[in-house]
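The next block holds one structure in the form of structure tokens; read it before the comments.
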Amino acid sequence: MRDVIAGISLASMNIPQVLGYTRIAAMPAVTGLYTVLLPLVAFACFGASRHLVVAADSATAAIFSSALGRMAPPGSPHYMALVSMVALLSAGFLLVARLFRLGFLADFLSRTVLVGFMAGVGIQVALAMVRDMLGIVTTAHNPLLQLVQTLAHLPHASGPTMVLSACVVGLIMVGDRLAPRAPLALVTVVGSIIASMAFDLSRHGIETLGPIESGLPRLHFPDVSWNDMLALLPVATSCVFVIIAQSAATSRAFALRFHDPVDDNADILGLCAANAVAGLSGTFTVNGSPTQTAMAARTGARTQLAQLTFAAVTAVVLVFLTGPLRYLPRCVLASIVFTVAVGMIDLRAIRAIRRESPGECGLALVTAAAVVGIGVEQGIFLAIALSLFRHVRHSYEPHTMILCHDPHSGLLEPRGVAGGVRTSPGLVVYRFCADLFYANSARFVADVRVMAEGASAPLSCLVVDASAITDIDFSAASDLRDLFTALRARGVTVIFGRVSPYLRADMDRHRITPVVEPANIHAQLHTAVAAAEAIIRQEK
């Protein structure tokens, strides 16, 4: 029952919102309702996420509308056929992505990135809603340009629209604190429709949604030529990148919030089915919507039953209620979405990240700024690239240390690498805390040279604690062979301890084993240290 009520409340907020997305897509208003009918059912049947709401989305709508507007007049039958074909092609690409199990790409979305992503989307949506809350018309798609245009047109804002928007925002925010489970959005939508019909709010300068075609969609294959289909491939590819990245980020963010399992490949299959029925029902590409998913969670939805209820309510609206819906003020819809968008900015999580890891907090803020400034898909991919760069940087500058005997406990404790530091006379136990590859092998070589040359007492044995080394690439292996050959010429014996089977295989393949000698490669550190101490005793 909780999910059913949540689905009804979700429909009251999202039906007007998807109607608004048709303005970006340059499609008839009724096609916005089609995006939350069969696509919702298809994803509920094939997808895995318990929370993701799949519907019309501003990012994909902006992508295909800007491209298709040059191929056909917006709103024309040919344009509508092209739009539906983009949805079908996107479904085909998503099926390929599922077959090749590309859901692993979502593994590169860290919690830090997800917090920044949700905050960026929240800011982006909030800025987009301000124009309708003020009764201002803007033409830009970029949130920052929208803000500039909104500020420029601020003197022309509608007073009644601003007052109504402020009342709705105040009611919802105060109501969330006093009665968080109450369906305030549903009450607000129904109440505003009744007030609009009773007092004819459109006469007072408050814009309403206007006429909407009624009736259920008819399934048909879009009539598009082969040449047009080829021309649509780049558009569909761009949409698919956005769909996979944004849907994965959204589903993971809410799965983490509610401690649910994640199956990205199953979600890709669900998105494939949703876009297939979207194309066949005459509407446009659908996507996992962060805003609408946040709305669903806020209304108490915990399973896809809420989304199925949403689809059922949409069917009832299409058949019976498109008449009253025309009276809904746009500013009321914008105000509801604005409150949800503000709630997506998790300042508590950002502060927690900043306390524990300032560097990762910077990554979250960069992600949020990129989503707002350059777009959702670019922001996600930039965040992934920065995360990988940060990881590579840690591998490029790994922790290195010399293990020395503690005078009190007698145990080996880490100390910084320096020329005069010895584990014991003639012996250094050196730990390198990363895999060896072309970018950090110079650090290994430089450390060993400092230890071998930077002290008056000669170095007899170097024991490498390889517990953190599981892989050596070709370039690093070449550097190590040259280094170990030079050390042998100087009378320094190199011994490896804690060598895993993976590392031993790499040492054999890259011809490091003959340089070090097989007898000097040990699976445990204490045997390696004991062998080194025996060599030093023999030299004495």
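In the structure tokens, the first chain shown is A, the next is B, and so on; residue numbers restart at 1 for each chain, and ligands run from 1 in the order shown.
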Residue contacts of segment 79-90 of chain A (6 Å, only C-alpha atoms) excluding same-chain residues fewer than 2 positions away, as a list of chain:residue names: A:Ala72, A:Pro74, A:Ser76, A:Pro77, A:Gly92, A:Phe93, A:Pro222, A:Ala236, A:Val240, A:Asn275, A:Ala276, A:Gly279, A:Gly282, A:Thr283, A:Phe284, A:Thr285
Could the residues in this selection be saved with C-alpha atoms as a compact mmCIF listing (two decimals), in the first residue's frame?
```txt
# COMPACT_ATOMS: atom_id res chain seq x y z
CA ALA A 72 13.01 17.79 -40.38
CA PRO A 74 10.17 20.12 -35.35
CA SER A 76 6.18 17.43 -38.17
CA PRO A 77 5.25 13.75 -38.83
CA GLY A 92 19.49 -1.82 -30.22
CA PHE A 93 22.73 -0.32 -28.94
CA PRO A 222 8.30 4.50 -37.52
CA ALA A 236 21.52 7.35 -30.96
CA VAL A 240 23.14 5.66 -25.28
CA ASN A 275 13.39 2.38 -25.25
CA ALA A 276 12.10 -0.32 -27.61
CA GLY A 279 10.00 3.88 -30.13
CA GLY A 282 5.47 6.89 -30.96
CA THR A 283 7.37 8.70 -28.24
CA PHE A 284 11.02 9.59 -27.62
CA THR A 285 14.09 8.17 -25.88
```
Quick one: everything within 8 Å of segment 413-427 of chain A, counting only C-alpha atoms, minus sequence neighbours fewer than 6 positions away in the same chain. Send it as a list in words.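 Skipping anything fewer than 6 positions along the chain leaves Thr400, Met401, Ile402, Leu403, Cys404, His405, Asp406, Asp447, Val450, Met451, Ala452, Glu453, Gly454, Ala455, Ser456, Ala457, Pro458, Leu459, Ser460, Cys461, Leu462, Val463, Ala532, Glu533 and Ile536 of chain A.
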Those same residues, written as a tab-separated table (two decimals), in the first residue's frame with C-alpha atoms?
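Done, and the output landed in selection.tsv:
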```
chain	number	residue	atom	x	y	z
A	400	THR	CA	57.95	3.32	0.10
A	401	MET	CA	59.76	2.48	3.33
A	402	ILE	CA	62.63	0.69	4.99
A	403	LEU	CA	61.65	-1.85	7.64
A	404	CYS	CA	63.82	-1.51	10.75
A	405	HIS	CA	63.89	-3.43	14.03
A	406	ASP	CA	62.10	-1.63	16.85
A	447	ASP	CA	65.17	4.58	-3.84
A	450	VAL	CA	69.90	6.10	-2.44
A	451	MET	CA	69.99	3.15	-0.05
A	452	ALA	CA	73.00	1.57	-1.78
A	453	GLU	CA	75.09	4.71	-2.19
A	454	GLY	CA	74.00	7.05	0.57
A	455	ALA	CA	75.81	5.57	3.57
A	456	SER	CA	79.38	4.97	4.72
A	457	ALA	CA	78.55	1.36	5.73
A	458	PRO	CA	78.41	-0.80	2.62
A	459	LEU	CA	75.19	-2.56	1.62
A	460	SER	CA	75.55	-6.32	1.30
A	461	CYS	CA	71.94	-7.49	0.87
A	462	LEU	CA	68.76	-5.82	-0.29
A	463	VAL	CA	65.55	-7.64	0.68
A	532	ALA	CA	70.16	-12.37	3.72
A	533	GLU	CA	71.53	-12.59	7.27
A	536	ILE	CA	76.15	-11.37	5.58
```
Might you pull out every residue within 7 Å of Gly47 of chain A, with only C-alpha atoms counted and same-chain residues fewer than 4 positions away left off, and present them as a PDB file with N, CA and C atoms, in the first residue's frame?
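Generated output (around.pdb):
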```pdb
ATOM      1  N   PHE A  43      10.588  -1.499 -18.044  1.00  0.00           N
ATOM      2  CA  PHE A  43      11.737  -1.516 -17.142  1.00  0.00           C
ATOM      3  C   PHE A  43      11.415  -2.284 -15.868  1.00  0.00           C
ATOM      4  N   ALA A 266      21.526  -6.040 -15.802  1.00  0.00           N
ATOM      5  CA  ALA A 266      20.068  -6.205 -15.857  1.00  0.00           C
ATOM      6  C   ALA A 266      19.378  -4.867 -16.077  1.00  0.00           C
ATOM      7  N   ASP A 267      19.900  -3.814 -15.485  1.00  0.00           N
ATOM      8  CA  ASP A 267      19.321  -2.480 -15.702  1.00  0.00           C
ATOM      9  C   ASP A 267      19.472  -2.053 -17.157  1.00  0.00           C
ATOM     10  N   LEU A 269      19.456  -4.051 -19.714  1.00  0.00           N
ATOM     11  CA  LEU A 269      18.413  -4.781 -20.439  1.00  0.00           C
ATOM     12  C   LEU A 269      17.057  -4.117 -20.236  1.00  0.00           C
ATOM     13  N   GLY A 270      16.769  -3.672 -19.019  1.00  0.00           N
ATOM     14  CA  GLY A 270      15.518  -2.969 -18.764  1.00  0.00           C
ATOM     15  C   GLY A 270      15.413  -1.673 -19.541  1.00  0.00           C
TER      16      GLY A 270
END
```
Skipping near chain neighbours, those fewer than 4 positions away, what residues fall within 8 Å of Ala67 of chain A using only C-alpha atoms, listed as a VMD selection string? chain A and resid 63 71 235
Using only C-alpha atoms, can you tell me which of A:Thr237, A:Thr138, A:Ser214, A:Gln146 comes closest to Val316 of chain A?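 The answer is A:Ser214, which sits nearest to Val316 of chain A.
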Give me the residues within 7 Å of segment 294-308 of chain A as a VMD selection string, counting only C-alpha atoms and dropping any in the same chain fewer than 2 places off. chain A and resid 2 to 4 6 to 7 9 to 10 40 to 41 44 50 to 51 53 183 290 to 292 310 to 312 340
What would the file look like if the residues just selected were written as a PDB file, in the first residue's frame with C-alpha atoms?
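Written output follows (part24.pdb):
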```
ATOM      1  CA  ARG A   2       2.880   2.358   0.744  1.00  0.00           C
ATOM      2  CA  ASP A   3       4.233   1.867  -2.784  1.00  0.00           C
ATOM      3  CA  VAL A   4       0.788   2.300  -4.340  1.00  0.00           C
ATOM      4  CA  ALA A   6       3.788   6.637  -3.458  1.00  0.00           C
ATOM      5  CA  GLY A   7       3.060   5.796  -7.108  1.00  0.00           C
ATOM      6  CA  SER A   9       1.854  10.847  -5.524  1.00  0.00           C
ATOM      7  CA  LEU A  10       4.725  10.290  -7.961  1.00  0.00           C
ATOM      8  CA  LEU A  40       7.841   2.159 -17.095  1.00  0.00           C
ATOM      9  CA  VAL A  41       6.199  -1.249 -17.355  1.00  0.00           C
ATOM     10  CA  ALA A  44       9.831  -2.896 -14.145  1.00  0.00           C
ATOM     11  CA  ARG A  50      14.099  -1.210  -7.114  1.00  0.00           C
ATOM     12  CA  HIS A  51      14.152   2.588  -7.313  1.00  0.00           C
ATOM     13  CA  VAL A  53      12.331   5.698 -12.596  1.00  0.00           C
ATOM     14  CA  PRO A 183       1.530  13.376   0.105  1.00  0.00           C
ATOM     15  CA  PRO A 290      17.732  11.325 -11.182  1.00  0.00           C
ATOM     16  CA  THR A 291      15.035  13.875 -10.383  1.00  0.00           C
ATOM     17  CA  GLN A 292      12.105  11.515 -10.784  1.00  0.00           C
ATOM     18  CA  PHE A 310       2.549   5.470 -11.851  1.00  0.00           C
ATOM     19  CA  ALA A 311       2.013   3.847 -15.268  1.00  0.00           C
ATOM     20  CA  ALA A 312      -1.552   2.833 -14.333  1.00  0.00           C
ATOM     21  CA  VAL A 340      13.130  17.848  -4.912  1.00  0.00           C
TER      22      VAL A 340
END
```
Surrounding residues of segment 249-261 of chain A excluding itself and chain neighbours under 2 positions, 8 Å, only C-alpha atoms, as a PyMOL selection string: chain A and resi 49+51-52+106+109+111+114-115+117-118+245-247+263+288-290+293
Name the closest residue to Gln378 of chain A among the candidates A:Ser238, A:Thr322, A:Ser225, A:Ser467; distances are taken between atoms, counting only C-alpha atoms. A:Ser238
The residue from A:Leu37, A:Val317, A:Ile193, A:Cys45 with the smallest atom-to-atom distance to Ala273 of chain A, counting only C-alpha atoms, is A:Cys45
I'd like the interatomic distance between atom CA of Leu233 of chain A and atom CA of Phe46 of chain A, to a tenth of an Å.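 Separating atom CA of Leu233 of chain A from atom CA of Phe46 of chain A is a distance of 24.7 Å.
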Considering only alpha helix (DSSP H) as DSSP defines it on the backbone, what residues of segment 24-128 of chain A qualify? List them as a VMD selection string. chain A and resid 24 to 25 29 to 34 38 to 46 58 to 68 77 to 99 111 to 128
Please list as a PyMOL selection string every residue within 12 Å of Val189 of chain A, counting only C-alpha atoms and excluding residues in the same chain fewer than 2 positions away. chain A and resi 8-17+168+172+183-187+191-196+324-337
Computed interatomic separation between atom CA of Ile123 of chain A and atom CA of Val372 of chain A (Å): 6.8 Å
Pick from A:Val445, A:Ile469, A:Leu164, A:Leu280: nearest to Ser395 of chain A, with only C-alpha atoms counted?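 The answer is A:Ile469, which sits nearest to Ser395 of chain A.
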